[in-house]
Amino acid sequence: MDLFTEKGYGIARIRIEGSDNNYNYVVWCCETLECAVIDPLNAKPILDFIRDQGLTVRYIINTHAHPDHIGGNNALIKATGASILIHPKGQEFVSPGSVSIKDADVIDLGRQKIRVIHTPGHCPEHVSLVLGENVFVGDTLFLAGCGNTRYRGNVDVLYESIAFKLRSLSDNFRVFVGHDYAEANLGFALHIEPDNKAARIKLDEVRSACSQGKESCPTTIGEEKKYNPFFRYDAPEVIAGMKKRKTSIGNDPRIIFKELRELRNNWE
Ligand SMILES: [Zn+2]
């Protein structure tokens, strides 16, 4: 577990054992000790943490309704009585009584505010959450990668969310992701851009952190612009990398993004 404490609020990241490298998050107001749990898969480590810290759970927020992001909902509701907040398009997948959240909503958490950005594409209900200069992106964006569109997804919609919503956040925003796929994603980034020094350096960092049992996330929006191919669909190096594979591809960022996603689906 890692803690990120800032003036007025705290963030705890919990890596869930035995999962697909899932991260669960607890965010709280330091003044009122009210907290929100984001994407609980396993309630046990979360409940242990909030008990140790003396926190009260106000909300369970699901970035989206895929099973590995809602699996701990019911146990947390039972233990704390908190409500689930989820986009209306995800409400049918969670227990009755959830509260809907949509783009531009602001969730009050003690003295802190969490802003909702609707970022569909990985699935229709997907939201990202902004607290201070941090963005919790669920499965929309990963270190050096982006979410797949296999389960209720749409790649055109994912492009719009990444290009027009997440990529326009300030470079200094920290990016908290739903899964750690950093090593494989950086391998893919280098497959597309073999000469990308930032990707090479980051891959070394990730491997070194991993060998010491440390985490390599969070990154920042600015860092992602340097090596994430799904943030670099309009960079000349990425376009050149794609032209090598498909000479007729052209420069349309949407087409480059879609072809990148297609290539990543079949790359291991
Ligand atoms: Zn998902």
# chains A, B, ... in the order shown; residues from 1 in each chain; ligands from 1

call {"tool": "residues_near_ligand", "arguments": {"ligand": "ligand 1", "cutoff": "7 Å", "atoms": "only C-alpha atoms and all ligand atoms", "output": "mmCIF file with N, CA, C and O atoms, in the first residue's frame"}}
result
data_model
loop_
_atom_site.group_PDB
_atom_site.id
_atom_site.type_symbol
_atom_site.label_atom_id
_atom_site.label_comp_id
_atom_site.auth_asym_id
_atom_site.auth_seq_id
_atom_site.Cartn_x
_atom_site.Cartn_y
_atom_site.Cartn_z
ATOM 1 N N HIS A 64 -16.299 2.444 -13.457
ATOM 2 C CA HIS A 64 -17.144 1.729 -14.421
ATOM 3 C C HIS A 64 -17.559 0.411 -13.795
ATOM 4 O O HIS A 64 -17.107 0.065 -12.702
ATOM 5 N N HIS A 66 -17.286 -2.864 -14.818
ATOM 6 C CA HIS A 66 -16.686 -4.179 -15.061
ATOM 7 C C HIS A 66 -16.496 -4.892 -13.721
ATOM 8 O O HIS A 66 -16.204 -4.241 -12.702
ATOM 9 N N HIS A 69 -13.993 -4.058 -11.004
ATOM 10 C CA HIS A 69 -14.007 -2.708 -10.414
ATOM 11 C C HIS A 69 -15.173 -2.511 -9.450
ATOM 12 O O HIS A 69 -15.288 -1.453 -8.833
ATOM 13 N N HIS A 122 -13.906 2.739 -23.140
ATOM 14 C CA HIS A 122 -13.613 1.407 -22.596
ATOM 15 C C HIS A 122 -14.946 0.705 -22.323
ATOM 16 O O HIS A 122 -15.082 -0.495 -22.519
ATOM 17 N N ASP A 139 -9.952 2.403 -16.196
ATOM 18 C CA ASP A 139 -9.369 1.647 -17.316
ATOM 19 C C ASP A 139 -9.397 2.442 -18.619
ATOM 20 O O ASP A 139 -9.350 1.874 -19.703
#

call {"tool": "select_by_dssp", "arguments": {"residues": "segment 71-194 of chain A", "states": "strand (DSSP E or B)", "output": "MDAnalysis selection string"}}
result
chainID A and resid 83:86 99:100 106:109 112:118 127:131 134:138 141:142 145:146 174:177 179

call {"tool": "atom_distance", "arguments": {"atom1": "atom CA of Pro120 of chain A", "atom2": "atom CA of Val157 of chain A"}}
result
6.3 Å

call {"tool": "residues_around", "arguments": {"residues": "Arg13 of chain A", "least_positions_apart": "6", "cutoff": "12 Å", "atoms": "only C-alpha atoms", "output": "PyMOL selection string"}}
result
chain A and resi 1-5+22-28+37-40+45-46+49+136+176-180+215+217-218

call {"tool": "atom_distance", "arguments": {"atom1": "atom CA of Val99 of chain A", "atom2": "atom CA of Ala12 of chain A"}}
result
23.6 Å

call {"tool": "closest_residue", "arguments": {"among": "A:Tyr181, A:Trp267, A:Phe188, A:Tyr233", "to": "Asp20 of chain A", "atoms": "only C-alpha atoms"}}
result
A:Tyr181

call {"tool": "residues_around", "arguments": {"residues": "Lys243 of chain A", "least_positions_apart": "3", "cutoff": "12 Å", "atoms": "only C-alpha atoms", "output": "ChimeraX atom specification"}}
result
/A:192-193,236-240,246-252,255-256,259-260

call {"tool": "write_last_selection", "arguments": {"atoms": "N, CA, C and O atoms", "output": "PDB file, in the first residue's frame"}}
result
ATOM      1  N   ILE A 192       6.415   0.362 -31.450  1.00  0.00           N
ATOM      2  CA  ILE A 192       5.961   1.400 -32.399  1.00  0.00           C
ATOM      3  C   ILE A 192       7.055   2.451 -32.625  1.00  0.00           C
ATOM      4  O   ILE A 192       7.273   2.903 -33.738  1.00  0.00           O
ATOM      5  N   GLU A 193       7.724   2.840 -31.535  1.00  0.00           N
ATOM      6  CA  GLU A 193       8.764   3.893 -31.612  1.00  0.00           C
ATOM      7  C   GLU A 193      10.064   3.353 -31.006  1.00  0.00           C
ATOM      8  O   GLU A 193      10.376   3.655 -29.849  1.00  0.00           O
ATOM      9  N   PRO A 236       5.030  12.853 -35.078  1.00  0.00           N
ATOM     10  CA  PRO A 236       5.602  12.356 -36.341  1.00  0.00           C
ATOM     11  C   PRO A 236       6.237  10.967 -36.191  1.00  0.00           C
ATOM     12  O   PRO A 236       6.125  10.131 -37.097  1.00  0.00           O
ATOM     13  N   GLU A 237       6.862  10.694 -35.034  1.00  0.00           N
ATOM     14  CA  GLU A 237       7.527   9.400 -34.837  1.00  0.00           C
ATOM     15  C   GLU A 237       6.516   8.251 -34.830  1.00  0.00           C
ATOM     16  O   GLU A 237       6.790   7.164 -35.351  1.00  0.00           O
ATOM     17  N   VAL A 238       5.356   8.491 -34.200  1.00  0.00           N
ATOM     18  CA  VAL A 238       4.328   7.440 -34.142  1.00  0.00           C
ATOM     19  C   VAL A 238       3.706   7.248 -35.524  1.00  0.00           C
ATOM     20  O   VAL A 238       3.514   6.111 -35.987  1.00  0.00           O
ATOM     21  N   ILE A 239       3.440   8.372 -36.212  1.00  0.00           N
ATOM     22  CA  ILE A 239       2.867   8.270 -37.564  1.00  0.00           C
ATOM     23  C   ILE A 239       3.832   7.502 -38.466  1.00  0.00           C
ATOM     24  O   ILE A 239       3.428   6.590 -39.198  1.00  0.00           O
ATOM     25  N   ALA A 240       5.140   7.807 -38.343  1.00  0.00           N
ATOM     26  CA  ALA A 240       6.148   7.094 -39.153  1.00  0.00           C
ATOM     27  C   ALA A 240       6.150   5.612 -38.800  1.00  0.00           C
ATOM     28  O   ALA A 240       6.209   4.751 -39.698  1.00  0.00           O
ATOM     29  N   LYS A 246       1.654   0.116 -42.410  1.00  0.00           N
ATOM     30  CA  LYS A 246       0.540   0.289 -43.344  1.00  0.00           C
ATOM     31  C   LYS A 246       0.787   1.583 -44.114  1.00  0.00           C
ATOM     32  O   LYS A 246       0.493   2.668 -43.602  1.00  0.00           O
ATOM     33  N   THR A 247       1.340   1.468 -45.307  1.00  0.00           N
ATOM     34  CA  THR A 247       1.774   2.666 -46.029  1.00  0.00           C
ATOM     35  C   THR A 247       0.615   3.615 -46.340  1.00  0.00           C
ATOM     36  O   THR A 247       0.796   4.817 -46.415  1.00  0.00           O
ATOM     37  N   SER A 248      -0.602   3.069 -46.472  1.00  0.00           N
ATOM     38  CA  SER A 248      -1.743   3.901 -46.887  1.00  0.00           C
ATOM     39  C   SER A 248      -2.422   4.612 -45.714  1.00  0.00           C
ATOM     40  O   SER A 248      -3.453   5.244 -45.885  1.00  0.00           O
ATOM     41  N   ILE A 249      -1.858   4.546 -44.519  1.00  0.00           N
ATOM     42  CA  ILE A 249      -2.612   4.962 -43.328  1.00  0.00           C
ATOM     43  C   ILE A 249      -2.928   6.469 -43.240  1.00  0.00           C
ATOM     44  O   ILE A 249      -3.938   6.856 -42.680  1.00  0.00           O
ATOM     45  N   GLY A 250      -2.088   7.337 -43.800  1.00  0.00           N
ATOM     46  CA  GLY A 250      -2.361   8.785 -43.727  1.00  0.00           C
ATOM     47  C   GLY A 250      -2.054   9.358 -42.350  1.00  0.00           C
ATOM     48  O   GLY A 250      -1.402   8.701 -41.523  1.00  0.00           O
ATOM     49  N   ASN A 251      -2.550  10.576 -42.090  1.00  0.00           N
ATOM     50  CA  ASN A 251      -2.192  11.278 -40.841  1.00  0.00           C
ATOM     51  C   ASN A 251      -3.375  11.520 -39.910  1.00  0.00           C
ATOM     52  O   ASN A 251      -3.229  12.203 -38.904  1.00  0.00           O
ATOM     53  N   ASP A 252      -4.554  11.027 -40.249  1.00  0.00           N
ATOM     54  CA  ASP A 252      -5.745  11.310 -39.430  1.00  0.00           C
ATOM     55  C   ASP A 252      -5.558  10.710 -38.025  1.00  0.00           C
ATOM     56  O   ASP A 252      -5.430   9.491 -37.879  1.00  0.00           O
ATOM     57  N   ILE A 255      -7.727   7.746 -37.021  1.00  0.00           N
ATOM     58  CA  ILE A 255      -7.393   6.475 -37.695  1.00  0.00           C
ATOM     59  C   ILE A 255      -6.123   5.896 -37.078  1.00  0.00           C
ATOM     60  O   ILE A 255      -6.033   4.695 -36.814  1.00  0.00           O
ATOM     61  N   ILE A 256      -5.126   6.757 -36.814  1.00  0.00           N
ATOM     62  CA  ILE A 256      -3.870   6.276 -36.210  1.00  0.00           C
ATOM     63  C   ILE A 256      -4.190   5.644 -34.849  1.00  0.00           C
ATOM     64  O   ILE A 256      -3.711   4.551 -34.535  1.00  0.00           O
ATOM     65  N   GLU A 259      -5.896   2.254 -35.272  1.00  0.00           N
ATOM     66  CA  GLU A 259      -4.960   1.221 -35.738  1.00  0.00           C
ATOM     67  C   GLU A 259      -3.995   0.826 -34.623  1.00  0.00           C
ATOM     68  O   GLU A 259      -3.615  -0.336 -34.505  1.00  0.00           O
ATOM     69  N   LEU A 260      -3.605   1.806 -33.797  1.00  0.00           N
ATOM     70  CA  LEU A 260      -2.735   1.500 -32.648  1.00  0.00           C
ATOM     71  C   LEU A 260      -3.460   0.536 -31.710  1.00  0.00           C
ATOM     72  O   LEU A 260      -2.887  -0.443 -31.230  1.00  0.00           O
TER      73      LEU A 260
END

call {"tool": "closest_residue", "arguments": {"among": "A:Ile162, A:Leu33, A:Val57, A:Ala65", "to": "Gly121 of chain A", "atoms": "only C-alpha atoms"}}
result
A:Ile162

call {"tool": "closest_residue", "arguments": {"among": "A:Ile16, A:Ile101, A:Leu143, A:Ala184", "to": "Tyr227 of chain A", "atoms": "only C-alpha atoms"}}
result
A:Leu143

call {"tool": "atom_distance", "arguments": {"atom1": "atom CA of Thr219 of chain A", "atom2": "atom CA of Ile50 of chain A"}}
result
25.2 Å

call {"tool": "closest_residue", "arguments": {"among": "A:Cys123, A:Leu47, A:Leu76, A:Leu131", "to": "Gly10 of chain A", "atoms": "only C-alpha atoms"}}
result
A:Leu131

call {"tool": "closest_residue", "arguments": {"among": "A:Gly90, A:Pro194, A:Pro229, A:Gly110", "to": "Gly145 of chain A", "atoms": "only C-alpha atoms"}}
result
A:Pro229
